[in-house]
Structure formats: structure tokens, C-alpha cells
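**Q** Have a look at the structure that comes next, please.
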Amino acid sequence: MGTIRKLLGAYSRPGEVEARHEAEILLGHALGRDRAWLFTHADDVPGADAVLRFRQLMQSRERGEPVAYLTGRRGFWTLDLAVTPDVLIPRPETELLVELALERIPVGSECEVADLGTGSGAIALAIASERPLARVLATDASAPALAVARENAERLDFNNVEFALGNWCAAMGARLFDVIVSNPPYIEADDIHLDQGDLRFEPQSALASGSDGLDAIRDIVGSASTHLGPGAWLLLEHGHDQGERVRAILESQGFSETRTWRDLAGKDRISGGQRA
Ligand code: GLN
């Protein structure tokens, strides 16, 4: 019989832990259950419809489609977020940007925060969840992306996040902010990685940014100062080899206290500076 154990057994080749894990997630998705449920129901025989859905999902995965787009879900920080191909799939290394922002946002008082190019809303919502008194503005130049972020905010019942459509600082209006964060596109336009793995399926406008990958960062840093109060922080995610150049861009625009932080993999990942 086609038990759950047997269905998954076909994807349990030695050394392919990741493939097995993905098969579990996708079978769970086809059945509307989580992975834990599968283990306690290993001898159940799923219906033909669910088995067909599972096989279709596995075929899509074999063609390279990211698991997060197939399930429409991705965990980030403490949040379970909806994701679609209109938004970048949130990455664990971006949680460092959230941590650095939280260090600069008081727990007990009001604070104005902006997340530029919010995509799924991951960064904005993670910050908003930890700092209920902060007012968080989440912007994106893509209306479909902003719709995903809004949906996440509504489903998770946030009331301290607002949304604005527009390009980087152009979407911010006249408010002054205490902290501006962004995970902008920063990959070089001709980088071969754009044609590999999950990146092939993600919005190119969220990944690539000019010949040196720094177009969006130059744009943001160039106009951020007028949206920051004195002593306010700008924090930007970037590629592992861009820290020095991002600090130089920040310094050329008058930012002080510039620094680069490494992610858990030990790679330069976030740089930031303070408005004088
Ligand atoms: N960190 C992503 C990657 O290299 C890129 C995300 C981005 O450009 N902001 O896969």
C-alpha cells in the first residue's frame, strides 16, 4: 500500500538528507499537515488526490522551484510568513539586520523605523513584533510585493506597521526616522549565481543591482540623510565582499560610526552608520 512511510521512502537515499527533508515538507503541504504529523501517521495511506498533489510538487521541486514558493510559506525570526514569486525568499542571515536594528530601538518608548524594499515584510514585521511601540514604515517599489507584505501584517494582526509604494527613500514622505534598514538587491548584474538554484525563480529586481551590485545601496545612502534625525542609524545588508565599499559610500555621504558586521557564517553581511 502507498503508506506515508513508503511515499517518503522513495526520497530517502543515503546522503540525501536535504531531499528527504524537502519531501517531508511537500508531503505535509499536500496533506495539509505538518512534519510532526507525518511521523505519527507513517502507516496511514493518503488519498489519491493528495498523492497526486505531492508528486506534482516533487516534480516542480526537481525542476528547481524553491520549496518556499511551492508551499507559499517561509519562517523568518519568530514569524510564519506567506511568500510568493513576487517577493524574495527571506534568508536566515537577514535576521542579523533585525538584531542590529533592535539594539538601536528602545523597548519602552516610541521610535520611527523604516524598512526599504520590504518584499514579504520579513524585516519590518520582525522588528514590529519585538517593539510594539515602534512605528514601522515598510516600502516597496513593487505593488504585488507590497500586497504580500500587507497580507502578512494583517494575518499576523500587526497594528504598528504602515506600507508605502515607491522606490527606496522616495516612498518615505516627510517623516524623520530613528532607524532605516534595508536588504536591497546587491548582486552584480552578470553574476552567474543569478542563473542557479532558487535565485532563478526569485524577482531579479530584488537580487541584482547594476554592474557592481551597488546601485541600490548608492541610491539609498545618497538620499537617506534627509529622512534621518540627528544620531539616527542606517543599516544595510550587502554581499560578503562589499563591506569596505559600502562603508566608503556611507562615509562619502557624511555618515559617522560606520561599521561592518559579520553573519553567523562569518561573512561580512551588514554595514551601517549614524547621521551626524
Ligand atoms: N542574500 C541573497 C543571496 O545572495 C541576495 C539577497 C539580496 O540581494 N538582497 O542569495
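Ordered as shown in the C-alpha cells, chains take letters A, B, and onward, while each chain numbers its residues from 1 and ligands are numbered from 1 in the order shown.
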Leaving out stretch 32-35 of chain A and any residue of its chain fewer than 4 positions from it, which residues lie within 12 Å of it when counting only C-alpha atoms, given as a tab-separated table (two decimals) with all heavy atoms, in the first residue's frame?

**A**
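Result file follows (selection_19.tsv):
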```
chain	number	residue	atom	x	y	z
A	4	ILE	N	2.47	6.57	3.99
A	4	ILE	CA	3.33	7.75	4.10
A	4	ILE	C	4.79	7.32	4.17
A	4	ILE	O	5.66	7.87	3.50
A	4	ILE	CB	2.90	8.59	5.34
A	4	ILE	CG1	1.63	9.35	4.99
A	4	ILE	CG2	4.02	9.52	5.79
A	4	ILE	CD1	1.01	10.11	6.14
A	8	LEU	N	7.57	8.44	1.31
A	8	LEU	CA	8.80	9.16	1.65
A	8	LEU	C	10.03	8.31	1.41
A	8	LEU	O	11.11	8.83	1.10
A	8	LEU	CB	8.75	9.63	3.12
A	8	LEU	CG	7.75	10.74	3.42
A	8	LEU	CD1	7.66	10.99	4.92
A	8	LEU	CD2	8.15	12.03	2.69
A	20	ARG	N	15.21	14.43	1.44
A	20	ARG	CA	14.23	13.77	2.30
A	20	ARG	C	13.43	14.81	3.10
A	20	ARG	O	12.20	14.75	3.20
A	20	ARG	CB	14.96	12.80	3.24
A	20	ARG	CG	14.19	12.35	4.45
A	20	ARG	CD	13.12	11.33	4.11
A	20	ARG	NE	12.32	11.01	5.27
A	20	ARG	CZ	11.79	9.83	5.52
A	20	ARG	NH1	11.97	8.83	4.67
A	20	ARG	NH2	11.06	9.63	6.59
A	21	HIS	N	14.17	15.79	3.63
A	21	HIS	CA	13.52	16.84	4.42
A	21	HIS	C	12.52	17.62	3.56
A	21	HIS	O	11.39	17.90	3.96
A	21	HIS	CB	14.60	17.78	4.99
A	21	HIS	CG	14.06	18.85	5.88
A	21	HIS	ND1	14.34	20.18	5.68
A	21	HIS	CD2	13.25	18.80	6.96
A	21	HIS	CE1	13.71	20.89	6.60
A	21	HIS	NE2	13.07	20.09	7.39
A	22	GLU	N	12.93	17.94	2.33
A	22	GLU	CA	12.03	18.67	1.43
A	22	GLU	C	10.81	17.82	1.07
A	22	GLU	O	9.69	18.32	0.99
A	22	GLU	CB	12.79	19.08	0.16
A	22	GLU	CG	13.82	20.16	0.45
A	22	GLU	CD	14.59	20.60	-0.77
A	22	GLU	OE1	14.34	20.07	-1.88
A	22	GLU	OE2	15.45	21.48	-0.63
A	23	ALA	N	11.03	16.50	0.86
A	23	ALA	CA	9.90	15.61	0.55
A	23	ALA	C	8.90	15.60	1.71
A	23	ALA	O	7.69	15.61	1.49
A	23	ALA	CB	10.42	14.20	0.26
A	24	GLU	N	9.41	15.63	2.94
A	24	GLU	CA	8.52	15.66	4.11
A	24	GLU	C	7.70	16.95	4.12
A	24	GLU	O	6.49	16.93	4.37
A	24	GLU	CB	9.34	15.55	5.39
A	24	GLU	CG	9.91	14.15	5.61
A	24	GLU	CD	11.02	14.11	6.66
A	24	GLU	OE1	11.28	15.15	7.30
A	24	GLU	OE2	11.61	13.04	6.83
A	25	ILE	N	8.39	18.07	3.87
A	25	ILE	CA	7.67	19.36	3.88
A	25	ILE	C	6.59	19.36	2.79
A	25	ILE	O	5.44	19.78	3.03
A	25	ILE	CB	8.65	20.53	3.65
A	25	ILE	CG1	9.58	20.67	4.87
A	25	ILE	CG2	7.91	21.83	3.38
A	25	ILE	CD1	10.71	21.66	4.67
A	26	LEU	N	6.94	18.86	1.61
A	26	LEU	CA	5.99	18.92	0.49
A	26	LEU	C	4.85	17.90	0.66
A	26	LEU	O	3.71	18.19	0.30
A	26	LEU	CB	6.73	18.73	-0.84
A	26	LEU	CG	7.70	19.89	-1.17
A	26	LEU	CD1	8.48	19.60	-2.44
A	26	LEU	CD2	6.96	21.22	-1.30
A	27	LEU	N	5.14	16.73	1.24
A	27	LEU	CA	4.06	15.77	1.51
A	27	LEU	C	3.13	16.35	2.58
A	27	LEU	O	1.90	16.28	2.45
A	27	LEU	CB	4.61	14.41	1.94
A	27	LEU	CG	3.54	13.35	2.25
A	27	LEU	CD1	2.61	13.13	1.04
A	27	LEU	CD2	4.18	12.02	2.66
A	28	GLY	N	3.73	16.95	3.59
A	28	GLY	CA	2.93	17.61	4.63
A	28	GLY	C	2.03	18.67	4.00
A	28	GLY	O	0.84	18.76	4.31
A	39	PHE	N	5.18	11.81	11.03
A	39	PHE	CA	5.91	10.77	11.77
A	39	PHE	C	4.96	9.91	12.60
A	39	PHE	O	5.19	8.73	12.79
A	39	PHE	CB	6.99	11.39	12.65
A	39	PHE	CG	7.97	12.21	11.87
A	39	PHE	CD1	8.37	13.47	12.31
A	39	PHE	CD2	8.48	11.75	10.66
A	39	PHE	CE1	9.25	14.23	11.57
A	39	PHE	CE2	9.37	12.51	9.91
A	39	PHE	CZ	9.75	13.75	10.36
A	40	THR	N	3.90	10.53	13.10
A	40	THR	CA	2.97	9.76	13.93
A	40	THR	C	1.90	9.06	13.09
A	40	THR	O	1.09	8.32	13.62
A	40	THR	CB	2.28	10.67	14.98
A	40	THR	OG1	1.72	11.79	14.31
A	40	THR	CG2	3.29	11.16	16.02
A	41	HIS	N	1.92	9.31	11.78
A	41	HIS	CA	0.94	8.66	10.90
A	41	HIS	C	1.63	7.95	9.73
A	41	HIS	O	1.08	7.86	8.63
A	41	HIS	CB	-0.06	9.69	10.36
A	41	HIS	CG	-0.93	10.28	11.42
A	41	HIS	ND1	-0.49	11.24	12.31
A	41	HIS	CD2	-2.22	10.01	11.77
A	41	HIS	CE1	-1.47	11.56	13.14
A	41	HIS	NE2	-2.52	10.81	12.84
A	42	ALA	N	2.82	7.43	10.01
A	42	ALA	CA	3.64	6.85	8.93
A	42	ALA	C	2.95	5.69	8.21
A	42	ALA	O	3.24	5.41	7.05
A	42	ALA	CB	4.99	6.40	9.49
A	46	PRO	N	-2.48	7.90	2.33
A	46	PRO	CA	-3.14	9.13	1.88
A	46	PRO	C	-4.01	8.88	0.65
A	46	PRO	O	-3.74	7.95	-0.12
A	46	PRO	CB	-1.97	10.06	1.52
A	46	PRO	CG	-0.75	9.43	2.07
A	46	PRO	CD	-1.02	7.97	2.17
A	50	ALA	N	-4.26	13.62	-2.79
A	50	ALA	CA	-3.10	14.14	-2.05
A	50	ALA	C	-1.80	13.57	-2.63
A	50	ALA	O	-0.80	14.28	-2.76
A	50	ALA	CB	-3.21	13.80	-0.57
A	53	ARG	N	-1.06	15.45	-5.78
A	53	ARG	CA	-0.53	16.79	-5.47
A	53	ARG	C	0.93	16.69	-5.03
A	53	ARG	O	1.77	17.47	-5.46
A	53	ARG	CB	-1.34	17.42	-4.32
A	53	ARG	CG	-2.56	18.20	-4.78
A	53	ARG	CD	-3.03	19.18	-3.69
A	53	ARG	NE	-3.33	18.54	-2.42
A	53	ARG	CZ	-4.47	17.90	-2.16
A	53	ARG	NH1	-5.41	17.83	-3.08
A	53	ARG	NH2	-4.67	17.34	-0.97
A	54	PHE	N	1.24	15.71	-4.20
A	54	PHE	CA	2.61	15.51	-3.72
A	54	PHE	C	3.55	15.24	-4.90
A	54	PHE	O	4.62	15.85	-5.00
A	54	PHE	CB	2.64	14.35	-2.72
A	54	PHE	CG	4.02	13.90	-2.33
A	54	PHE	CD1	4.92	14.80	-1.74
A	54	PHE	CD2	4.43	12.58	-2.54
A	54	PHE	CE1	6.20	14.38	-1.36
A	54	PHE	CE2	5.72	12.17	-2.17
A	54	PHE	CZ	6.60	13.07	-1.59
A	71	THR	N	5.27	25.82	-1.18
A	71	THR	CA	4.36	25.78	-0.01
A	71	THR	C	3.73	27.14	0.25
A	71	THR	O	2.74	27.24	0.97
A	71	THR	CB	5.12	25.38	1.27
A	71	THR	OG1	6.12	26.36	1.53
A	71	THR	CG2	5.77	24.01	1.12
```

**Q** Using the chain letters and numbers from this document, which residues of stretch 24-240 of chain A does DSSP assign to strand (DSSP E), as an MDAnalysis selection string?

**A** chainID A and resid 73:76 79:82 111:116 134:140 161:165 177:182 228:237

**Q** Identify all residues of stretch 140-226 of chain A in helix (DSSP H, G or I) (DSSP on the backbone) and supply them as a VMD selection string.

**A** chain A and resid 143 to 155 168 to 171 192 to 195 197 to 201 204 to 206 215 to 226

**Q** If the limit is 12 Å from any atom of ligand 1, counting only C-alpha atoms and all ligand atoms, which residues qualify? Return them as an MDAnalysis selection string.

**A** chainID A and resid 87:95 97 116:119 123 182:189 191:210 213:217 236:242 263 267:270

**Q** Which residues of stretch 63-110 of chain A come within 7 Å of stretch 141-153 of chain A, and what is each one's closest atom pair and distance in Å (one decimal), counting only C-alpha atoms, sorted by chain and residue number, as JSON lines?

**A**
```
{"residue": "A:Leu81", "atom": "CA", "partner": "A:Asn152", "partner_atom": "CA", "distance": 6.2}
{"residue": "A:Ala82", "atom": "CA", "partner": "A:Asn152", "partner_atom": "CA", "distance": 6.3}
{"residue": "A:Val83", "atom": "CA", "partner": "A:Val148", "partner_atom": "CA", "distance": 6.9}
{"residue": "A:Asp86", "atom": "CA", "partner": "A:Ala145", "partner_atom": "CA", "distance": 5.3}
{"residue": "A:Val87", "atom": "CA", "partner": "A:Ala145", "partner_atom": "CA", "distance": 5.5}
```

**Q** Out of A:Gly229, A:Val221, A:Val51, A:Ser120, which residue has the shortest atom-to-atom distance to A:Tyr69 when counting only C-alpha atoms?

**A** A:Ser120
